[in-house]
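Pasting upload29.cif here (mmCIF, N, CA and C atoms and all ligand atoms):
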```
data_protein
#
loop_
_atom_site.label_atom_id
_atom_site.label_comp_id
_atom_site.auth_asym_id
_atom_site.auth_seq_id
_atom_site.Cartn_x
_atom_site.Cartn_y
_atom_site.Cartn_z
N MET A 77 12.67 -2.94 -8.27
CA MET A 77 11.41 -3.13 -9.01
C MET A 77 10.40 -3.89 -8.15
N PRO A 78 9.29 -3.29 -7.91
CA PRO A 78 8.24 -4.02 -7.17
C PRO A 78 7.66 -5.13 -8.04
N ASP A 79 7.16 -6.13 -7.36
CA ASP A 79 6.52 -7.20 -8.11
C ASP A 79 5.34 -6.64 -8.90
N PRO A 80 5.17 -7.13 -10.08
CA PRO A 80 3.99 -6.70 -10.85
C PRO A 80 2.72 -7.14 -10.12
N VAL A 81 1.81 -6.21 -9.94
CA VAL A 81 0.55 -6.56 -9.29
C VAL A 81 -0.59 -6.36 -10.26
N ARG A 82 -1.62 -7.08 -10.01
CA ARG A 82 -2.80 -6.90 -10.86
C ARG A 82 -3.34 -5.51 -10.61
N THR A 83 -3.45 -4.74 -11.63
CA THR A 83 -3.83 -3.34 -11.50
C THR A 83 -5.28 -3.16 -11.09
N ASP A 84 -6.05 -4.21 -11.24
CA ASP A 84 -7.46 -4.07 -10.87
C ASP A 84 -7.70 -4.44 -9.41
N GLU A 85 -6.60 -4.64 -8.68
CA GLU A 85 -6.77 -4.98 -7.28
C GLU A 85 -5.92 -4.05 -6.43
N LYS A 86 -6.55 -3.43 -5.45
CA LYS A 86 -5.81 -2.51 -4.59
C LYS A 86 -6.30 -2.63 -3.16
N LYS A 87 -5.53 -2.00 -2.27
CA LYS A 87 -5.91 -2.09 -0.86
C LYS A 87 -7.16 -1.27 -0.61
N CYS A 88 -7.96 -1.77 0.31
CA CYS A 88 -9.14 -1.03 0.74
C CYS A 88 -8.74 0.38 1.17
N ALA A 89 -9.56 1.37 0.84
CA ALA A 89 -9.22 2.77 1.09
C ALA A 89 -9.19 3.11 2.58
N HIS A 90 -9.73 2.26 3.40
CA HIS A 90 -9.64 2.48 4.84
C HIS A 90 -8.19 2.27 5.27
N GLN A 91 -7.65 3.25 5.99
CA GLN A 91 -6.22 3.26 6.32
C GLN A 91 -5.71 1.99 6.95
N THR A 92 -6.43 1.48 7.93
CA THR A 92 -5.90 0.34 8.67
C THR A 92 -6.43 -0.99 8.17
N CYS A 93 -7.19 -0.96 7.12
CA CYS A 93 -7.71 -2.20 6.57
C CYS A 93 -6.75 -2.73 5.52
N THR A 94 -6.48 -4.01 5.60
CA THR A 94 -5.51 -4.59 4.66
C THR A 94 -6.18 -5.46 3.61
N CYS A 95 -7.49 -5.41 3.55
CA CYS A 95 -8.21 -6.20 2.56
C CYS A 95 -7.91 -5.67 1.16
N MET A 96 -7.94 -6.57 0.21
CA MET A 96 -7.77 -6.15 -1.17
C MET A 96 -9.14 -5.96 -1.80
N VAL A 97 -9.22 -4.92 -2.62
CA VAL A 97 -10.48 -4.63 -3.28
C VAL A 97 -10.26 -4.63 -4.78
N GLY A 98 -11.17 -5.22 -5.49
CA GLY A 98 -11.03 -5.27 -6.94
C GLY A 98 -12.04 -4.38 -7.63
N GLY A 99 -11.80 -4.11 -8.87
CA GLY A 99 -12.78 -3.37 -9.67
C GLY A 99 -12.89 -1.92 -9.28
N GLU A 100 -14.09 -1.39 -9.32
CA GLU A 100 -14.33 0.03 -9.09
C GLU A 100 -14.42 0.39 -7.62
N ARG A 101 -14.49 -0.61 -6.78
CA ARG A 101 -14.75 -0.33 -5.37
C ARG A 101 -13.53 0.27 -4.69
N ARG A 102 -13.79 1.16 -3.72
CA ARG A 102 -12.68 1.73 -2.95
C ARG A 102 -12.58 1.04 -1.59
N PHE A 103 -13.68 0.48 -1.14
CA PHE A 103 -13.70 -0.17 0.17
C PHE A 103 -14.09 -1.63 0.02
N CYS A 104 -13.58 -2.45 0.93
CA CYS A 104 -13.90 -3.86 0.85
C CYS A 104 -15.31 -4.14 1.32
N SER A 105 -15.87 -3.21 2.07
CA SER A 105 -17.20 -3.45 2.61
C SER A 105 -17.86 -2.14 3.02
N ASP A 106 -19.16 -2.19 3.21
CA ASP A 106 -19.87 -1.01 3.70
C ASP A 106 -19.34 -0.60 5.05
N TYR A 107 -18.94 -1.58 5.81
CA TYR A 107 -18.39 -1.29 7.14
C TYR A 107 -17.21 -0.33 7.03
N CYS A 108 -16.30 -0.62 6.15
CA CYS A 108 -15.11 0.22 6.00
C CYS A 108 -15.47 1.61 5.49
N GLU A 109 -16.44 1.67 4.63
CA GLU A 109 -16.85 2.97 4.10
C GLU A 109 -17.39 3.83 5.24
N ASP A 110 -18.21 3.25 6.09
CA ASP A 110 -18.74 3.97 7.24
C ASP A 110 -17.63 4.36 8.20
N ALA A 111 -16.76 3.41 8.50
CA ALA A 111 -15.69 3.64 9.46
C ALA A 111 -14.75 4.73 8.95
N ASN A 112 -14.53 4.74 7.67
CA ASN A 112 -13.63 5.73 7.09
C ASN A 112 -14.21 7.14 7.22
N ASP A 113 -15.52 7.23 7.17
CA ASP A 113 -16.18 8.52 7.33
C ASP A 113 -16.06 9.04 8.75
N SER A 114 -16.27 8.16 9.72
CA SER A 114 -16.30 8.61 11.11
C SER A 114 -14.90 8.71 11.70
N ASP A 115 -14.07 7.70 11.46
CA ASP A 115 -12.72 7.71 12.02
C ASP A 115 -11.77 6.88 11.17
N PRO A 116 -11.11 7.53 10.23
CA PRO A 116 -10.25 6.83 9.25
C PRO A 116 -9.07 6.11 9.88
N THR A 117 -8.71 6.50 11.11
CA THR A 117 -7.54 5.88 11.72
C THR A 117 -7.92 4.77 12.71
N SER A 118 -9.21 4.53 12.85
CA SER A 118 -9.62 3.47 13.75
C SER A 118 -9.21 2.11 13.20
N VAL A 119 -8.99 1.18 14.11
CA VAL A 119 -8.62 -0.16 13.68
C VAL A 119 -9.78 -0.79 12.94
N CYS A 120 -9.48 -1.38 11.81
CA CYS A 120 -10.52 -2.01 11.03
C CYS A 120 -11.04 -3.25 11.75
N THR A 121 -12.32 -3.28 11.96
CA THR A 121 -12.89 -4.45 12.63
C THR A 121 -13.90 -5.15 11.73
N CYS A 122 -13.72 -4.98 10.47
CA CYS A 122 -14.58 -5.73 9.57
C CYS A 122 -14.23 -7.21 9.71
N ASP A 123 -15.10 -8.07 9.29
CA ASP A 123 -14.93 -9.49 9.57
C ASP A 123 -14.08 -10.23 8.54
N HIS A 124 -13.29 -9.50 7.82
CA HIS A 124 -12.49 -10.16 6.80
C HIS A 124 -11.24 -10.80 7.40
N PRO A 125 -10.80 -11.88 6.82
CA PRO A 125 -9.55 -12.52 7.27
C PRO A 125 -8.42 -11.50 7.18
N GLY A 126 -7.54 -11.48 8.15
CA GLY A 126 -6.46 -10.51 8.11
C GLY A 126 -6.77 -9.31 8.96
N CYS A 127 -7.99 -8.80 8.86
CA CYS A 127 -8.39 -7.68 9.69
C CYS A 127 -8.85 -8.20 11.04
N LYS A 128 -9.48 -9.35 11.03
CA LYS A 128 -9.93 -9.96 12.26
C LYS A 128 -8.79 -10.12 13.25
N SER A 129 -7.64 -10.55 12.76
CA SER A 129 -6.50 -10.80 13.63
C SER A 129 -5.91 -9.52 14.17
N ASN A 130 -6.36 -8.38 13.66
CA ASN A 130 -5.86 -7.09 14.11
C ASN A 130 -6.46 -6.65 15.44
N ARG A 131 -7.58 -7.23 15.76
CA ARG A 131 -8.31 -6.81 16.95
C ARG A 131 -7.54 -7.04 18.23
ZN ZN B 201 -10.90 -4.85 6.68
ZN ZN B 202 -11.73 -2.62 4.24
#
```
Here is a file; write its structure as structure tokens.
Amino acid sequence: MPDPVRTDEKKCAHQTCTCMVGGERRFCSDYCEDANDSDPTSVCTCDHPGCKSNR
């Protein structure tokens, strides 16, 4: 059984982004939305904690 998670929070739709997104949004930021359009497999370089360390 996976831990119960808040259903209103999910991972950013960008493949390599690990940010959590709440509500209706699919991406944590406009950056991810753009990046997902051009190259969904690119490393997320948005300035969020967690993604920053991925660089
Ligand atoms: Zn990110
Ligand atoms: Zn993101």
Expressed in Å to a single decimal, how great is the separation between atom CA of Ser118 of chain A and atom CA of Arg102 of chain A?
17.1 Å
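Proximal residues of ligand ZN 202 (chain B) are Lys87, Cys88, Ala89, His90, Thr92, Cys93, Thr94, Cys95, Met96, Arg102, Phe103, Cys104, Ser105, Tyr107, Cys108, Glu109, Cys120 and Cys122 of chain A, by a cut-off of 7 Å on only N, CA and C atoms and all ligand atoms.
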Save the residues we just selected, N, CA and C atoms, as a tab-separated table (two decimals), keeping the file's coordinate frame?
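Output contents, as saved in again-v7.tsv:
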```tsv
chain	number	residue	atom	x	y	z
A	87	LYS	N	-5.53	-2.00	-2.27
A	87	LYS	CA	-5.91	-2.09	-0.86
A	87	LYS	C	-7.16	-1.27	-0.61
A	88	CYS	N	-7.96	-1.77	0.31
A	88	CYS	CA	-9.14	-1.03	0.74
A	88	CYS	C	-8.74	0.38	1.17
A	89	ALA	N	-9.56	1.37	0.84
A	89	ALA	CA	-9.22	2.77	1.09
A	89	ALA	C	-9.19	3.11	2.58
A	90	HIS	N	-9.73	2.26	3.40
A	90	HIS	CA	-9.64	2.48	4.84
A	90	HIS	C	-8.19	2.27	5.27
A	92	THR	N	-6.43	1.48	7.93
A	92	THR	CA	-5.90	0.34	8.67
A	92	THR	C	-6.43	-0.99	8.17
A	93	CYS	N	-7.19	-0.96	7.12
A	93	CYS	CA	-7.71	-2.20	6.57
A	93	CYS	C	-6.75	-2.73	5.52
A	94	THR	N	-6.48	-4.01	5.60
A	94	THR	CA	-5.51	-4.59	4.66
A	94	THR	C	-6.18	-5.46	3.61
A	95	CYS	N	-7.49	-5.41	3.55
A	95	CYS	CA	-8.21	-6.20	2.56
A	95	CYS	C	-7.91	-5.67	1.16
A	96	MET	N	-7.94	-6.57	0.21
A	96	MET	CA	-7.77	-6.15	-1.17
A	96	MET	C	-9.14	-5.96	-1.80
A	102	ARG	N	-13.79	1.16	-3.72
A	102	ARG	CA	-12.68	1.73	-2.95
A	102	ARG	C	-12.58	1.04	-1.59
A	103	PHE	N	-13.68	0.48	-1.14
A	103	PHE	CA	-13.70	-0.17	0.17
A	103	PHE	C	-14.09	-1.63	0.02
A	104	CYS	N	-13.58	-2.45	0.93
A	104	CYS	CA	-13.90	-3.86	0.85
A	104	CYS	C	-15.31	-4.14	1.32
A	105	SER	N	-15.87	-3.21	2.07
A	105	SER	CA	-17.20	-3.45	2.61
A	105	SER	C	-17.86	-2.14	3.02
A	107	TYR	N	-18.94	-1.58	5.81
A	107	TYR	CA	-18.39	-1.29	7.14
A	107	TYR	C	-17.21	-0.33	7.03
A	108	CYS	N	-16.30	-0.62	6.15
A	108	CYS	CA	-15.11	0.22	6.00
A	108	CYS	C	-15.47	1.61	5.49
A	109	GLU	N	-16.44	1.67	4.63
A	109	GLU	CA	-16.85	2.97	4.10
A	109	GLU	C	-17.39	3.83	5.24
A	120	CYS	N	-9.48	-1.38	11.81
A	120	CYS	CA	-10.52	-2.01	11.03
A	120	CYS	C	-11.04	-3.25	11.75
A	122	CYS	N	-13.72	-4.98	10.47
A	122	CYS	CA	-14.58	-5.73	9.57
A	122	CYS	C	-14.23	-7.21	9.71
```
Of the residues A:Asp123, A:Glu100, A:Asp115, A:Asp110, which is the one nearest to ligand ZN 201 (chain B), using all atoms listed in the file?
A:Asp123
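DSSP on the backbone gives strand (DSSP E or B) for these parts of chain A: Glu85, Lys86, Lys87, Met96, Val97 and Gly98 of chain A.
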Please dump the current selection as a PDB file, in the coordinates of the input; keep N, CA and C atoms.
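So the final result, stored in again.pdb, reads:
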```pdb
ATOM      1  N   GLU A  85      -6.600  -4.640  -8.680  1.00  0.00           N
ATOM      2  CA  GLU A  85      -6.770  -4.980  -7.280  1.00  0.00           C
ATOM      3  C   GLU A  85      -5.920  -4.050  -6.430  1.00  0.00           C
ATOM      4  N   LYS A  86      -6.550  -3.430  -5.450  1.00  0.00           N
ATOM      5  CA  LYS A  86      -5.810  -2.510  -4.590  1.00  0.00           C
ATOM      6  C   LYS A  86      -6.300  -2.630  -3.160  1.00  0.00           C
ATOM      7  N   LYS A  87      -5.530  -2.000  -2.270  1.00  0.00           N
ATOM      8  CA  LYS A  87      -5.910  -2.090  -0.860  1.00  0.00           C
ATOM      9  C   LYS A  87      -7.160  -1.270  -0.610  1.00  0.00           C
ATOM     10  N   MET A  96      -7.940  -6.570   0.210  1.00  0.00           N
ATOM     11  CA  MET A  96      -7.770  -6.150  -1.170  1.00  0.00           C
ATOM     12  C   MET A  96      -9.140  -5.960  -1.800  1.00  0.00           C
ATOM     13  N   VAL A  97      -9.220  -4.920  -2.620  1.00  0.00           N
ATOM     14  CA  VAL A  97     -10.480  -4.630  -3.280  1.00  0.00           C
ATOM     15  C   VAL A  97     -10.260  -4.630  -4.780  1.00  0.00           C
ATOM     16  N   GLY A  98     -11.170  -5.220  -5.490  1.00  0.00           N
ATOM     17  CA  GLY A  98     -11.030  -5.270  -6.940  1.00  0.00           C
ATOM     18  C   GLY A  98     -12.040  -4.380  -7.630  1.00  0.00           C
TER      19      GLY A  98
END
```
Among segment 85-121 of chain A, which ones does DSSP place in alpha helix (DSSP H), written as a PDB file with N, CA and C atoms, in the coordinates of the input?
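Wrote it out as out-v4.pdb, contents follow:
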```
ATOM      1  N   ASP A 106     -19.160  -2.190   3.210  1.00  0.00           N
ATOM      2  CA  ASP A 106     -19.870  -1.010   3.700  1.00  0.00           C
ATOM      3  C   ASP A 106     -19.340  -0.600   5.050  1.00  0.00           C
ATOM      4  N   TYR A 107     -18.940  -1.580   5.810  1.00  0.00           N
ATOM      5  CA  TYR A 107     -18.390  -1.290   7.140  1.00  0.00           C
ATOM      6  C   TYR A 107     -17.210  -0.330   7.030  1.00  0.00           C
ATOM      7  N   CYS A 108     -16.300  -0.620   6.150  1.00  0.00           N
ATOM      8  CA  CYS A 108     -15.110   0.220   6.000  1.00  0.00           C
ATOM      9  C   CYS A 108     -15.470   1.610   5.490  1.00  0.00           C
ATOM     10  N   GLU A 109     -16.440   1.670   4.630  1.00  0.00           N
ATOM     11  CA  GLU A 109     -16.850   2.970   4.100  1.00  0.00           C
ATOM     12  C   GLU A 109     -17.390   3.830   5.240  1.00  0.00           C
ATOM     13  N   ASP A 110     -18.210   3.250   6.090  1.00  0.00           N
ATOM     14  CA  ASP A 110     -18.740   3.970   7.240  1.00  0.00           C
ATOM     15  C   ASP A 110     -17.630   4.360   8.200  1.00  0.00           C
ATOM     16  N   ALA A 111     -16.760   3.410   8.500  1.00  0.00           N
ATOM     17  CA  ALA A 111     -15.690   3.640   9.460  1.00  0.00           C
ATOM     18  C   ALA A 111     -14.750   4.730   8.950  1.00  0.00           C
ATOM     19  N   ASN A 112     -14.530   4.740   7.670  1.00  0.00           N
ATOM     20  CA  ASN A 112     -13.630   5.730   7.090  1.00  0.00           C
ATOM     21  C   ASN A 112     -14.210   7.140   7.220  1.00  0.00           C
ATOM     22  N   ASP A 113     -15.520   7.230   7.170  1.00  0.00           N
ATOM     23  CA  ASP A 113     -16.180   8.520   7.330  1.00  0.00           C
ATOM     24  C   ASP A 113     -16.060   9.040   8.750  1.00  0.00           C
ATOM     25  N   SER A 114     -16.270   8.160   9.720  1.00  0.00           N
ATOM     26  CA  SER A 114     -16.300   8.610  11.110  1.00  0.00           C
ATOM     27  C   SER A 114     -14.900   8.710  11.700  1.00  0.00           C
TER      28      SER A 114
END
```
Separation of atom CA of Gly126 of chain A and atom CA of Arg101 of chain A, in Å?
18.8 Å
Enter the distance from atom ZN of ligand ZN 201 (chain B) to atom N of Thr121 of chain A, in Å, rounded to one decimal.
5.7 Å
